[in-house]
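Written below as structure tokens is the structure these notes are about.
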Amino acid sequence: MGVAVSIQNVSKTFGTLKALDSISLDILEGEFFGLLGPNGAGKTTLISCLAGLVRPDAGCLKVMGADVQTAYREARRYLGVVPQELVFDPFFSVRETLRIQSGYFGLRRNDAWIDEILENLDLTSKADTNMRRLSGGMKRRVLVAQALVHKPPVIVLDEPTAGVDVELRQGLWQFVRRLNNEGHTIILTTHYLEEAEELCGRVAMLKQGGIVALDSTRNLLDRYSGHTLSLRLVNGENLPADIRERASLSGGFLNFHLTCYDEVEPLLANIREAGCRIADLRMVEADLEDVFVDVMRGRDAEQRMLMR
Amino acid sequence: MSGFRTLLYKEVLRFWKVSFQTVAAPVLTALLYLLIFSHVLENRVEINGLRYTGFLVPGLVMMSVLQNAFANSSSSLIQAKVTGSIIFVLLPPLSYGEFYLAYVTAAVLRGLMVGLGVLAVTGWFASLEFAAPWWILAFALIGGGIMGSLGMIAGIWADKFDQLAAFQNFLIMPLTMLSGVFYSIHSLPVFWQGVSHFNPVFYMIDGFRYGFFGVSDVSPVVSLGITSLSFLVVAGATLVLLRKGYKLRY
């Protein structure tokens with residue numbers, strides 16, 4: 001599988017702020033890739049570099065092999081970007097907006113595809129409505145449609161579901177998943193970590209302009225946060241101190257952090273041997289939010305192991 | 001070239017959709033100038049053997065061409081920048097040359113449209129001749145191109161509407177109003193005649209007026225030379241800004 005997006009040693013400084021600090025990253029064709037990080041981590045700057053909106057001070061970016069600086073026309077044809085800000089041109093209707101956007105990419109008769117996008121984003125009834133008259137969620141859909149008019153092999157969605165209702169979010173992801181299944185490479189930045197966990201095969205976490213974690217979502221979940229066994233003892237019973245100190249207490253439950261399922265049985269055996277009876281028990285899977293918090297706090301897997 | 005054609009179409013559609021404000025309003029403004037100035041001066045002033053209203057009409061037409069060419073590209077760019085919709089023309093594979101040509105051509109078209117409108121409503125008040133129509137067209141096109149380019153520079157440079165208004169009110173308006181639209185520079189004191197020769201808009205107005213009556217303050221060939229040179233300088237400067245991505249790509 002080829003490389004869809006290649007980012008090599010990219011740095012960018014705004015005044016005294018180092019927005020990107022020598023970032024290198026390859027995203028493969030067909031991947032659903034997540035770019036996560038707190039506000040100001042450099043996600044949007046990185047995407048802007050890819051889209052040619054920001055010029056890096058150093059480094060090289062390529063989209064489907066085309067350099068975004070030297071072969072910018074080709075690179076931009078390969079890329080569709082849904083910007084974070086809810087922007088629109090107030091002079092035009094939805095269909096006019098999409099026709100104009102098609103024309104910029106050299107597509108003069110694009111109505112069949114435009115109709116299909118409108119249908120998939122549930123915009124058909126709004127096709128002839130002026131952009132000003134649309135709700136925020138509808139405008140967001142048009143932004144997605146605009147990014148797709150030229151059927152780009154690489155689609156970047158920068159916080160596409162911010163301020164969007166549940167129904168649209170579901171519809172949008174269904175459509176984006178379909179595009180991904182059809183071979184489009186998807187790059188997603190989002191603050192909703194459950195979205196990234198559900199959708200992204202691989203994730204990069206950015207902090208202060210650098211990559212602090214880069215792995216498949218599954219590996220990150222396993223490596224950083226593992227699982228939690230939560231249990232409650234029969235009233236009046238207490239664990240011996242050596243077992244008790246391995247757990248944290250919340251909402252009447254004792255929470256034991258485990259790295260793998262193999263640790264469950266020995267733990268339960270210890271509890272049985274101590275003569276304690278369990279009234280309630282459940283396994284809690286780690287989620288990306290735990291990983292995110294861990295990574296952003298700078299704890300690595302080894303440190304976590306020591307804490308257990 | 002499809003990118004250029006689409007951007008040009010979009011820019012023309014943009015002003016055409018609000019043509020009441022972008023075409024009809026400046027035509028009315030020019031008509032008001034004509035009614036007031038010709039009422040006061042028609043029987044008192046004669047310039048180069050022309051009655052005042054006849055002298056004034058081509059000046060008003062050209063002033064409208066220039067001001068509206070400037071207004072079109074500058075307001076389109078500042079609006080797109082302030083609202084963020086500029087991104088829609090920065091993401092596609094448009095070259096900076098296409099970008100320039102589309103904005104300036106749209107600016108010239110709006111200028112010509114307003115100019116024709118002004119000519120249509122003010123022409124009734126004067127007996128116009130069209131002594132050298134090619135000169136009329138040449139000066140309108142080059143003058144519109146200069147102001148369309150200046151509008152792009154202003155729109156790219158300004159971050160806020162008031163900065164653009166300052167550019168318009170403190171540079172474009174004085175240059176156009178003090179260019180000989182309303183008077184012949186020969187009626188000025190010698191010092192101000194000299195100063196007027198440093199105003200490129202003076203040559204645009206004077207050359208344009210030559211096309212109507214075959215008389216002018218300076219030779220139309222000189223005016224055409226200076227106007228063309230001004231265009232090359234301003235167009236070159238705009239293209240350099242666009243190529244560098246000044247205030248557009250950071």
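Following the order of the structure tokens, chains are lettered A, B, ..., residues in each are numbered from 1, and ligands are numbered from 1.
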
request  = Residues of chain A no more than 6 Å from chain B, counting only C-alpha atoms: send them over as a PyMOL selection string.
outcome  = chain A and resi 53-55+73+76+87-89+103-104+106

Let me see the file: selected residues, C-alpha atoms, as a JSON list (two decimals), in the first residue's frame.
```
[["chain", "number", "residue", "atom", "x", "y", "z"],
["A", 53, "LEU", "CA", -2.44, 27.58, 3.57],
["A", 54, "VAL", "CA", 0.63, 27.75, 5.79],
["A", 55, "ARG", "CA", 4.17, 27.54, 4.48],
["A", 73, "ARG", "CA", -1.61, 22.11, -8.28],
["A", 76, "ARG", "CA", -4.29, 20.25, -4.04],
["A", 87, "VAL", "CA", -17.25, 29.61, 6.82],
["A", 88, "PHE", "CA", -19.49, 30.24, 3.82],
["A", 89, "ASP", "CA", -19.93, 32.62, 0.92],
["A", 103, "GLY", "CA", -15.07, 24.69, -11.43],
["A", 104, "TYR", "CA", -12.02, 25.70, -9.40],
["A", 106, "GLY", "CA", -11.49, 22.10, -13.50]]
```

ask   = Could you write out, as a PyMOL selection string, all the residues of segment 4-242 of chain A that DSSP marks as helix (DSSP H, G or I)?
value = chain A and resi 43-51+72-77+94-104+111-120+124-126+131-133+136-148+166-181+193-199+217-225+241-242

request  = Skip segment 130-141 of chain A itself and residues of its chain fewer than 3 positions away, then list as a PyMOL selection string all residues within 6 Å of it, counting only C-alpha atoms.
outcome  = chain A and resi 90+92-93+144+164

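Of the residues listed (A:Gly52, A:Gly201, A:Gly171, A:Gly42), A:Gly171 shows the shortest atom-to-atom separation from Glu119 of chain A; distances use only C-alpha atoms.
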
inquiry  = Which residues are close to segment 190-206 of chain B, i.e. within 8 Å by only C-alpha atoms, leaving aside same-chain residues fewer than 3 positions away? Reply as number ranges by chain.
reply    = B: 58-59, 62-63, 139-140, 143, 175-176, 178-181, 185-186, 209-210, 216-218, 220, 223-224, 226-227, 230

Grab the residues selected above and save them as a tab-separated table (two decimals), in the first residue's frame with N, CA and C atoms.
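Generated file (part_20.tsv):
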```tsv
chain	number	residue	atom	x	y	z
B	58	PRO	N	-17.52	62.92	-19.49
B	58	PRO	CA	-16.48	61.86	-19.60
B	58	PRO	C	-15.68	61.70	-18.31
B	59	GLY	N	-15.44	62.82	-17.62
B	59	GLY	CA	-14.71	62.74	-16.34
B	59	GLY	C	-15.47	61.90	-15.34
B	62	MET	N	-15.33	58.19	-16.33
B	62	MET	CA	-14.06	57.54	-16.02
B	62	MET	C	-13.85	57.43	-14.52
B	63	MET	N	-14.25	58.43	-13.75
B	63	MET	CA	-14.11	58.36	-12.30
B	63	MET	C	-14.92	57.17	-11.76
B	139	PHE	N	-8.22	53.60	-22.50
B	139	PHE	CA	-8.03	54.20	-21.18
B	139	PHE	C	-8.96	53.58	-20.13
B	140	ALA	N	-10.19	53.24	-20.54
B	140	ALA	CA	-11.11	52.61	-19.59
B	140	ALA	C	-10.56	51.26	-19.13
B	143	GLY	N	-7.13	51.85	-17.16
B	143	GLY	CA	-7.44	52.52	-15.89
B	143	GLY	C	-8.16	51.56	-14.94
B	175	LEU	N	-7.00	60.96	-5.08
B	175	LEU	CA	-6.37	60.81	-6.39
B	175	LEU	C	-7.39	60.97	-7.52
B	176	THR	N	-8.60	60.43	-7.31
B	176	THR	CA	-9.59	60.52	-8.39
B	176	THR	C	-10.29	61.88	-8.41
B	178	LEU	N	-9.12	64.73	-7.39
B	178	LEU	CA	-8.21	65.83	-7.74
B	178	LEU	C	-7.46	65.54	-9.05
B	179	SER	N	-8.12	64.83	-9.94
B	179	SER	CA	-7.43	64.42	-11.16
B	179	SER	C	-7.87	65.19	-12.39
B	180	GLY	N	-8.76	66.15	-12.18
B	180	GLY	CA	-9.25	66.89	-13.34
B	180	GLY	C	-10.59	66.39	-13.84
B	181	VAL	N	-11.31	65.66	-13.00
B	181	VAL	CA	-12.67	65.24	-13.38
B	181	VAL	C	-13.57	66.47	-13.49
B	185	ILE	N	-6.79	71.16	-15.36
B	185	ILE	CA	-5.69	71.55	-14.47
B	185	ILE	C	-5.10	72.90	-14.89
B	186	HIS	N	-5.41	73.35	-16.11
B	186	HIS	CA	-4.91	74.66	-16.52
B	186	HIS	C	-5.56	75.78	-15.73
B	209	ARG	N	-10.90	61.51	-21.80
B	209	ARG	CA	-11.68	62.64	-22.31
B	209	ARG	C	-11.27	62.98	-23.76
B	210	TYR	N	-9.97	62.77	-24.05
B	210	TYR	CA	-9.49	63.00	-25.42
B	210	TYR	C	-10.28	62.14	-26.40
B	216	SER	N	-7.19	67.64	-25.26
B	216	SER	CA	-6.78	67.22	-23.92
B	216	SER	C	-5.73	68.17	-23.38
B	217	ASP	N	-5.47	68.08	-22.05
B	217	ASP	CA	-4.47	68.94	-21.43
B	217	ASP	C	-3.06	68.53	-21.83
B	218	VAL	N	-2.82	67.20	-21.92
B	218	VAL	CA	-1.51	66.74	-22.41
B	218	VAL	C	-1.76	65.77	-23.57
B	220	PRO	N	-2.36	62.66	-25.72
B	220	PRO	CA	-2.89	61.35	-25.32
B	220	PRO	C	-1.85	60.25	-25.39
B	223	SER	N	-0.15	60.37	-22.14
B	223	SER	CA	-1.07	59.81	-21.13
B	223	SER	C	-1.11	58.30	-21.22
B	224	LEU	N	-1.19	57.79	-22.46
B	224	LEU	CA	-1.27	56.33	-22.62
B	224	LEU	C	0.01	55.67	-22.11
B	226	ILE	N	2.15	56.83	-19.79
B	226	ILE	CA	2.23	56.88	-18.32
B	226	ILE	C	1.22	55.91	-17.70
B	227	THR	N	0.00	55.86	-18.28
B	227	THR	CA	-1.03	54.96	-17.75
B	227	THR	C	-0.60	53.50	-17.90
B	230	SER	N	2.10	52.73	-15.41
B	230	SER	CA	1.51	52.60	-14.07
B	230	SER	C	0.87	51.23	-13.91
```

message = From the options A:Leu229, A:Val3, A:Ala66, A:Leu239, which residue's atoms come nearest to Asp280 of chain A, counting only C-alpha atoms?
response = A:Leu229
